[in-house]
>>> print(open('query_19.pdb').read())   # PDB, C-alpha atoms
ATOM      1  CA  MET A  19     -16.798  15.496  57.933
ATOM      2  CA  GLU A  20     -15.122  16.999  60.989
ATOM      3  CA  ARG A  21     -17.106  19.652  62.891
ATOM      4  CA  LYS A  22     -15.808  22.022  65.566
ATOM      5  CA  ILE A  23     -17.981  24.042  67.929
ATOM      6  CA  PHE A  24     -16.893  27.654  68.499
ATOM      7  CA  ILE A  25     -18.328  30.765  70.132
ATOM      8  CA  THR A  26     -19.256  33.711  67.907
ATOM      9  CA  SER A  27     -18.897  37.386  68.832
ATOM     10  CA  ASP A  28     -22.351  37.686  70.435
ATOM     11  CA  GLY A  29     -21.700  34.717  72.740
ATOM     12  CA  SER A  30     -23.755  32.203  70.781
ATOM     13  CA  SER A  31     -22.238  29.024  69.394
ATOM     14  CA  SER A  32     -21.760  27.887  65.819
ATOM     15  CA  ILE A  33     -19.986  25.104  63.959
ATOM     16  CA  PHE A  34     -16.832  25.294  61.847
ATOM     17  CA  LEU A  35     -16.090  22.791  59.064
ATOM     18  CA  PRO A  36     -12.296  22.661  58.617
ATOM     19  CA  GLU A  37     -12.559  20.736  55.341
ATOM     20  CA  LEU A  38     -14.666  23.468  53.723
ATOM     21  CA  LYS A  39     -13.296  26.332  55.824
ATOM     22  CA  GLU A  40     -16.906  27.335  56.354
ATOM     23  CA  THR A  41     -19.113  28.080  59.353
ATOM     24  CA  TYR A  42     -22.794  27.362  59.917
ATOM     25  CA  HIS A  43     -23.384  30.916  61.158
ATOM     26  CA  SER A  44     -21.576  34.237  61.106
ATOM     27  CA  LYS A  45     -18.535  34.431  63.363
ATOM     28  CA  HIS A  46     -19.716  37.970  64.164
ATOM     29  CA  GLY A  47     -22.764  36.584  65.974
ATOM     30  CA  ALA A  48     -24.951  33.586  65.172
ATOM     31  CA  ILE A  49     -28.053  34.834  66.970
ATOM     32  CA  GLN A  50     -27.607  38.418  65.757
ATOM     33  CA  GLU A  51     -27.336  37.210  62.170
ATOM     34  CA  ALA A  52     -30.418  34.984  62.454
ATOM     35  CA  TYR A  53     -32.558  37.783  63.858
ATOM     36  CA  HIS A  54     -31.335  40.398  61.406
ATOM     37  CA  VAL A  55     -31.619  38.356  58.206
ATOM     38  CA  PHE A  56     -34.504  35.982  58.803
ATOM     39  CA  ILE A  57     -36.702  37.654  61.416
ATOM     40  CA  ASN A  58     -36.260  41.419  60.987
ATOM     41  CA  ASN A  59     -36.093  41.268  57.181
ATOM     42  CA  GLY A  60     -38.170  38.135  56.638
ATOM     43  CA  LEU A  61     -40.780  37.219  59.230
ATOM     44  CA  ASP A  62     -41.514  40.884  59.976
ATOM     45  CA  GLN A  63     -42.856  41.233  56.415
ATOM     46  CA  PHE A  64     -45.836  39.110  57.458
ATOM     47  CA  ALA A  65     -46.965  41.011  60.545
ATOM     48  CA  ASP A  66     -50.562  41.011  59.303
ATOM     49  CA  HIS A  67     -50.703  37.221  58.804
ATOM     50  CA  ALA A  68     -52.324  34.817  61.248
ATOM     51  CA  ILE A  69     -50.632  31.821  59.648
ATOM     52  CA  ILE A  70     -47.422  31.539  57.647
ATOM     53  CA  ASN A  71     -45.742  28.734  55.704
ATOM     54  CA  ILE A  72     -41.937  28.827  55.906
ATOM     55  CA  LEU A  73     -39.286  26.862  54.022
ATOM     56  CA  GLU A  74     -35.759  26.848  55.411
ATOM     57  CA  ILE A  75     -32.933  25.938  53.072
ATOM     58  CA  GLY A  76     -30.250  24.562  55.382
ATOM     59  CA  PHE A  77     -31.887  23.453  58.662
ATOM     60  CA  GLY A  78     -28.443  22.917  60.192
ATOM     61  CA  THR A  79     -28.258  23.750  63.890
ATOM     62  CA  GLY A  80     -31.972  24.511  64.143
ATOM     63  CA  LEU A  81     -31.244  28.073  65.288
ATOM     64  CA  ASN A  82     -33.460  29.783  62.718
ATOM     65  CA  CYS A  83     -36.288  27.360  63.415
ATOM     66  CA  PHE A  84     -36.027  27.792  67.192
ATOM     67  CA  ILE A  85     -35.966  31.589  66.986
ATOM     68  CA  THR A  86     -38.967  31.493  64.644
ATOM     69  CA  TYR A  87     -40.779  29.304  67.158
ATOM     70  CA  LEU A  88     -40.036  31.773  69.967
ATOM     71  CA  GLU A  89     -41.183  34.697  67.807
ATOM     72  CA  SER A  90     -44.349  32.876  66.740
ATOM     73  CA  LYS A  91     -45.338  32.496  70.395
ATOM     74  CA  ARG A  92     -44.678  36.160  71.071
ATOM     75  CA  ARG A  93     -46.717  37.218  68.025
ATOM     76  CA  ASN A  94     -49.551  34.660  68.351
ATOM     77  CA  LEU A  95     -48.635  33.431  64.886
ATOM     78  CA  LYS A  96     -49.382  29.964  63.540
ATOM     79  CA  VAL A  97     -46.426  28.526  61.622
ATOM     80  CA  LYS A  98     -46.002  25.549  59.323
ATOM     81  CA  TYR A  99     -42.255  25.111  58.974
ATOM     82  CA  ASP A 100     -40.358  22.901  56.511
ATOM     83  CA  GLY A 101     -36.625  22.568  57.171
ATOM     84  CA  VAL A 102     -34.540  21.035  54.383
ATOM     85  CA  GLU A 103     -31.152  19.545  55.186
ATOM     86  CA  ALA A 104     -29.094  17.042  53.182
ATOM     87  CA  TYR A 105     -26.571  16.327  55.952
ATOM     88  CA  PRO A 106     -28.153  16.436  59.434
ATOM     89  CA  LEU A 107     -25.995  17.130  62.466
ATOM     90  CA  GLU A 108     -25.107  14.457  64.998
ATOM     91  CA  ALA A 109     -26.631  14.533  68.492
ATOM     92  CA  GLU A 110     -23.166  15.123  69.967
ATOM     93  CA  ASP A 111     -22.833  18.385  68.019
ATOM     94  CA  ILE A 112     -26.333  19.539  68.905
ATOM     95  CA  SER A 113     -25.761  18.936  72.625
ATOM     96  CA  GLN A 114     -22.937  21.500  72.596
ATOM     97  CA  LEU A 115     -25.003  24.364  71.170
ATOM     98  CA  ASN A 116     -25.897  27.101  73.664
ATOM     99  CA  TYR A 117     -28.880  28.734  71.970
ATOM    100  CA  VAL A 118     -31.386  27.965  74.711
ATOM    101  CA  GLN A 119     -29.199  29.697  77.280
ATOM    102  CA  GLU A 120     -28.191  32.641  75.100
ATOM    103  CA  LEU A 121     -31.802  33.290  74.077
ATOM    104  CA  LYS A 122     -32.860  33.081  77.736
ATOM    105  CA  ALA A 123     -35.352  30.393  76.776
ATOM    106  CA  THR A 124     -34.664  27.670  79.322
ATOM    107  CA  ASN A 125     -38.409  27.117  79.697
ATOM    108  CA  GLU A 126     -38.406  26.102  76.013
ATOM    109  CA  SER A 127     -35.410  23.744  76.188
ATOM    110  CA  LYS A 128     -37.629  20.704  75.588
ATOM    111  CA  VAL A 129     -38.864  22.251  72.342
ATOM    112  CA  PHE A 130     -35.289  22.817  71.151
ATOM    113  CA  GLN A 131     -34.449  19.193  71.969
ATOM    114  CA  LYS A 132     -37.612  17.986  70.268
ATOM    115  CA  LEU A 133     -37.037  19.843  67.012
ATOM    116  CA  HIS A 134     -33.777  17.901  66.689
ATOM    117  CA  SER A 135     -35.013  14.521  67.955
ATOM    118  CA  ILE A 136     -38.200  14.158  65.926
ATOM    119  CA  SER A 137     -38.155  11.923  62.861
ATOM    120  CA  TRP A 138     -37.321  13.178  59.391
ATOM    121  CA  GLY A 139     -39.970  13.270  56.685
ATOM    122  CA  ASP A 140     -43.004  13.434  58.980
ATOM    123  CA  SER A 141     -45.156  16.343  60.114
ATOM    124  CA  HIS A 142     -44.798  17.001  63.841
ATOM    125  CA  LYS A 143     -46.914  19.233  66.062
ATOM    126  CA  LEU A 144     -44.444  20.951  68.388
ATOM    127  CA  THR A 145     -47.290  23.009  69.846
ATOM    128  CA  ASP A 146     -50.860  23.772  68.801
ATOM    129  CA  GLU A 147     -49.501  26.673  66.739
ATOM    130  CA  PHE A 148     -46.188  25.357  65.390
ATOM    131  CA  TYR A 149     -45.829  22.433  62.976
ATOM    132  CA  LEU A 150     -42.460  21.191  61.737
ATOM    133  CA  ILE A 151     -41.419  18.867  58.919
ATOM    134  CA  LYS A 152     -37.711  18.129  58.637
ATOM    135  CA  ARG A 153     -36.893  17.030  55.112
ATOM    136  CA  LYS A 154     -33.656  15.179  54.446
ATOM    137  CA  GLN A 155     -33.127  15.993  50.767
ATOM    138  CA  PHE A 156     -30.978  17.909  48.334
ATOM    139  CA  PHE A 157     -32.196  21.370  47.409
ATOM    140  CA  THR A 158     -32.458  20.380  43.755
ATOM    141  CA  ASP A 159     -35.053  17.731  44.691
ATOM    142  CA  ILE A 160     -37.561  20.228  46.093
ATOM    143  CA  GLU A 161     -40.747  20.064  44.029
ATOM    144  CA  ASP A 162     -43.176  22.263  45.990
ATOM    145  CA  LYS A 163     -45.295  24.655  43.922
ATOM    146  CA  ASN A 164     -46.867  27.905  45.185
ATOM    147  CA  ARG A 165     -46.767  26.643  48.766
ATOM    148  CA  PHE A 166     -44.606  28.921  50.915
ATOM    149  CA  ASP A 167     -44.946  32.515  52.046
ATOM    150  CA  LEU A 168     -41.322  32.872  53.147
ATOM    151  CA  ILE A 169     -38.005  31.170  52.424
ATOM    152  CA  TYR A 170     -34.989  31.363  54.707
ATOM    153  CA  PHE A 171     -32.141  30.698  52.256
ATOM    154  CA  ASP A 172     -29.306  29.744  54.592
ATOM    155  CA  ALA A 173     -27.115  27.459  52.492
ATOM    156  CA  PHE A 174     -23.336  27.377  52.836
ATOM    157  CA  GLY A 175     -21.673  30.294  51.075
ATOM    158  CA  ALA A 176     -21.377  30.631  47.325
ATOM    159  CA  ASN A 177     -17.585  30.694  47.564
ATOM    160  CA  VAL A 178     -17.648  27.206  49.096
ATOM    161  CA  GLN A 179     -20.630  25.604  47.348
ATOM    162  CA  PRO A 180     -21.470  27.697  44.261
ATOM    163  CA  GLU A 181     -23.801  24.946  42.993
ATOM    164  CA  LEU A 182     -26.287  25.944  45.721
ATOM    165  CA  TRP A 183     -26.598  29.514  44.422
ATOM    166  CA  THR A 184     -27.410  28.981  40.737
ATOM    167  CA  VAL A 185     -30.246  30.032  38.456
ATOM    168  CA  GLU A 186     -31.516  26.437  38.638
ATOM    169  CA  ILE A 187     -31.706  26.508  42.438
ATOM    170  CA  PHE A 188     -33.414  29.888  42.563
ATOM    171  CA  GLU A 189     -35.947  28.750  39.975
ATOM    172  CA  VAL A 190     -36.870  25.940  42.378
ATOM    173  CA  MET A 191     -37.201  28.525  45.146
ATOM    174  CA  TYR A 192     -39.290  30.870  43.004
ATOM    175  CA  ASN A 193     -41.681  28.085  42.009
ATOM    176  CA  SER A 194     -42.155  26.968  45.604
ATOM    177  CA  LEU A 195     -43.263  30.430  46.762
ATOM    178  CA  LYS A 196     -46.777  31.805  46.645
ATOM    179  CA  ASN A 197     -47.382  35.024  44.739
ATOM    180  CA  LYS A 198     -45.753  37.929  46.636
ATOM    181  CA  GLY A 199     -43.763  35.384  48.631
ATOM    182  CA  VAL A 200     -40.400  36.466  50.056
ATOM    183  CA  LEU A 201     -36.920  34.931  50.060
ATOM    184  CA  VAL A 202     -34.249  36.303  52.388
ATOM    185  CA  THR A 203     -30.574  35.407  52.485
ATOM    186  CA  TYR A 204     -27.420  36.693  54.144
ATOM    187  CA  SER A 205     -25.635  36.688  50.773
ATOM    188  CA  ALA A 206     -25.108  39.883  48.785
ATOM    189  CA  LYS A 207     -22.933  38.565  45.941
ATOM    190  CA  GLY A 208     -23.620  40.080  42.544
ATOM    191  CA  SER A 209     -23.851  36.633  40.941
ATOM    192  CA  VAL A 210     -26.510  35.616  43.478
ATOM    193  CA  ARG A 211     -28.518  38.788  42.908
ATOM    194  CA  ARG A 212     -28.401  38.289  39.138
ATOM    195  CA  ALA A 213     -29.456  34.629  39.425
ATOM    196  CA  MET A 214     -32.438  35.650  41.544
ATOM    197  CA  GLN A 215     -33.411  38.386  39.103
ATOM    198  CA  GLN A 216     -33.098  36.031  36.144
ATOM    199  CA  VAL A 217     -35.813  33.706  37.476
ATOM    200  CA  GLY A 218     -38.189  36.595  38.213
ATOM    201  CA  PHE A 219     -37.465  37.850  41.726
ATOM    202  CA  LYS A 220     -37.656  41.551  42.458
ATOM    203  CA  VAL A 221     -34.434  41.850  44.464
ATOM    204  CA  GLU A 222     -33.687  44.376  47.192
ATOM    205  CA  ARG A 223     -30.277  45.104  48.681
ATOM    206  CA  LEU A 224     -30.615  45.673  52.409
ATOM    207  CA  PRO A 225     -28.145  46.504  55.193
ATOM    208  CA  GLY A 226     -26.462  43.320  56.303
ATOM    209  CA  PRO A 227     -25.988  41.800  59.767
ATOM    210  CA  PRO A 228     -22.853  42.515  61.832
ATOM    211  CA  GLY A 229     -19.787  41.834  59.697
ATOM    212  CA  LYS A 230     -21.630  42.183  56.348
ATOM    213  CA  ARG A 231     -22.382  45.381  54.468
ATOM    214  CA  GLU A 232     -25.447  44.063  52.631
ATOM    215  CA  MET A 233     -27.900  41.158  52.319
ATOM    216  CA  LEU A 234     -30.560  40.301  49.744
ATOM    217  CA  ARG A 235     -34.341  39.966  49.806
ATOM    218  CA  GLY A 236     -36.316  38.717  46.806
ATOM    219  CA  ILE A 237     -40.051  39.040  46.205
ATOM    220  CA  LYS A 238     -41.970  36.815  43.802
ATOM    221  CA  ASN A 239     -43.805  38.905  41.242
ATOM    222  CA  GLY A 240     -45.567  36.218  39.258
TER     223      GLY A 240
END
>>> encode(input="query_19.pdb", output="structure tokens")
Amino acid sequence: MERKIFITSDGSSSIFLPELKETYHSKHGAIQEAYHVFINNGLDQFADHAIINILEIGFGTGLNCFITYLESKRRNLKVKYDGVEAYPLEAEDISQLNYVQELKATNESKVFQKLHSISWGDSHKLTDEFYLIKRKQFFTDIEDKNRFDLIYFDAFGANVQPELWTVEIFEVMYNSLKNKGVLVTYSAKGSVRRAMQQVGFKVERLPGPPGKREMLRGIKNG
């Protein structure tokens, strides 16, 4: 599938898929979106934790993972991170991403390169406090139970791939979370909110990132 690199409104890069007419990140700002949705409304919910288990649905460019790594260092937080991706990016695409520069993290450029170069399916120790497993699988094949504190749900949009935003998918997500676990997503569609509620999530509508009025956060009650 053809991929085109472009620069979003905050200066950070993203990828456009002409065939799907879909982008990997918001055109209004890739880094802004990642911080707003996944850090400010996700990771910040676990400020009192010393260790956190995170599942990312849609590893993609590695932006969410890299920002989480940077934040974990700043917060002295130990992270075990699972990134699920069915269609990994090519090295040529990754080399054109400017996240290290835009995040002013040139001293961590080797970590960004490593999180893309390490093997899939194995646990890797990026640092003493950050462990990463990249899982090449379809979301429907996830079988984890009561394992994660936080899910970054960053799949392609429901308008493009509605099969990724169904009751069946969110049941998989719900089952993989620990009690009181949190799922955050940039989506605010009514059908997505209802699917989350149907499987048991307590769903909150929150102000969205630049370019979006709202986003959703679900909490596991069971």
>>> residues_around(input="query_19.pdb", residues="A:Lys143", least_positions_apart="6", cutoff="10 Å", atoms="all atoms listed in the file", output="list in words")
Lys98, Leu133, Tyr149, Leu150 and Ile151 of chain A
>>> residues_around(input="query_19.pdb", residues="stretch 174-179 of chain A", least_positions_apart="3", cutoff="8 Å", atoms="all atoms listed in the file", output="VMD selection string")
chain A and resid 38 40 to 42 76 182 to 183 205
>>> residues_around(input="query_19.pdb", residues="A:Lys132", least_positions_apart="6", cutoff="10 Å", atoms="only C-alpha atoms", output="PyMOL selection string")
chain A and resi 126+142+144
>>> atom_distance(input="query_19.pdb", atom1="atom CA of A:Lys96", atom2="atom CA of A:Asp111")
29.3 Å
>>> closest_residue(input="query_19.pdb", among="A:Gln50, A:Asn94, A:Asn197, A:Ser137", to="A:Asp66", atoms="all atoms listed in the file")
A:Asn94
>>> closest_residue(input="query_19.pdb", among="A:Cys83, A:Arg21, A:Ala173, A:Thr158", to="A:Ile187", atoms="all atoms listed in the file")
A:Thr158
>>> closest_residue(input="query_19.pdb", among="A:Ile72, A:Ala109, A:Ile57, A:Ile23", to="A:Ser135", atoms="all atoms listed in the file")
A:Ala109
>>> closest_residue(input="query_19.pdb", among="A:Val185, A:Leu73, A:Val190, A:Ala52", to="A:Arg211", atoms="all atoms listed in the file")
A:Val185
>>> resolve_selection(input="query_19.pdb", expression="the PyMOL selection byres ((chain A and resi 156) around 12)", output="PyMOL selection string")
chain A and resi 75-77+101-106+153-155+157-161+173+181-182+187+190
>>> residues_around(input="query_19.pdb", residues="A:Glu232", least_positions_apart="4", cutoff="10 Å", atoms="only C-alpha atoms", output="ChimeraX atom specification")
/A:204-207,222-228
>>> closest_residue(input="query_19.pdb", among="A:Gly80, A:His43, A:Gly60, A:Pro180", to="A:Leu234", atoms="all atoms listed in the file")
A:Gly60
>>> resolve_selection(input="query_19.pdb", expression="the PyMOL selection byres ((chain A and resi 118) around 10)", output="ChimeraX atom specification")
/A:30,81,84-85,115-117,119-131
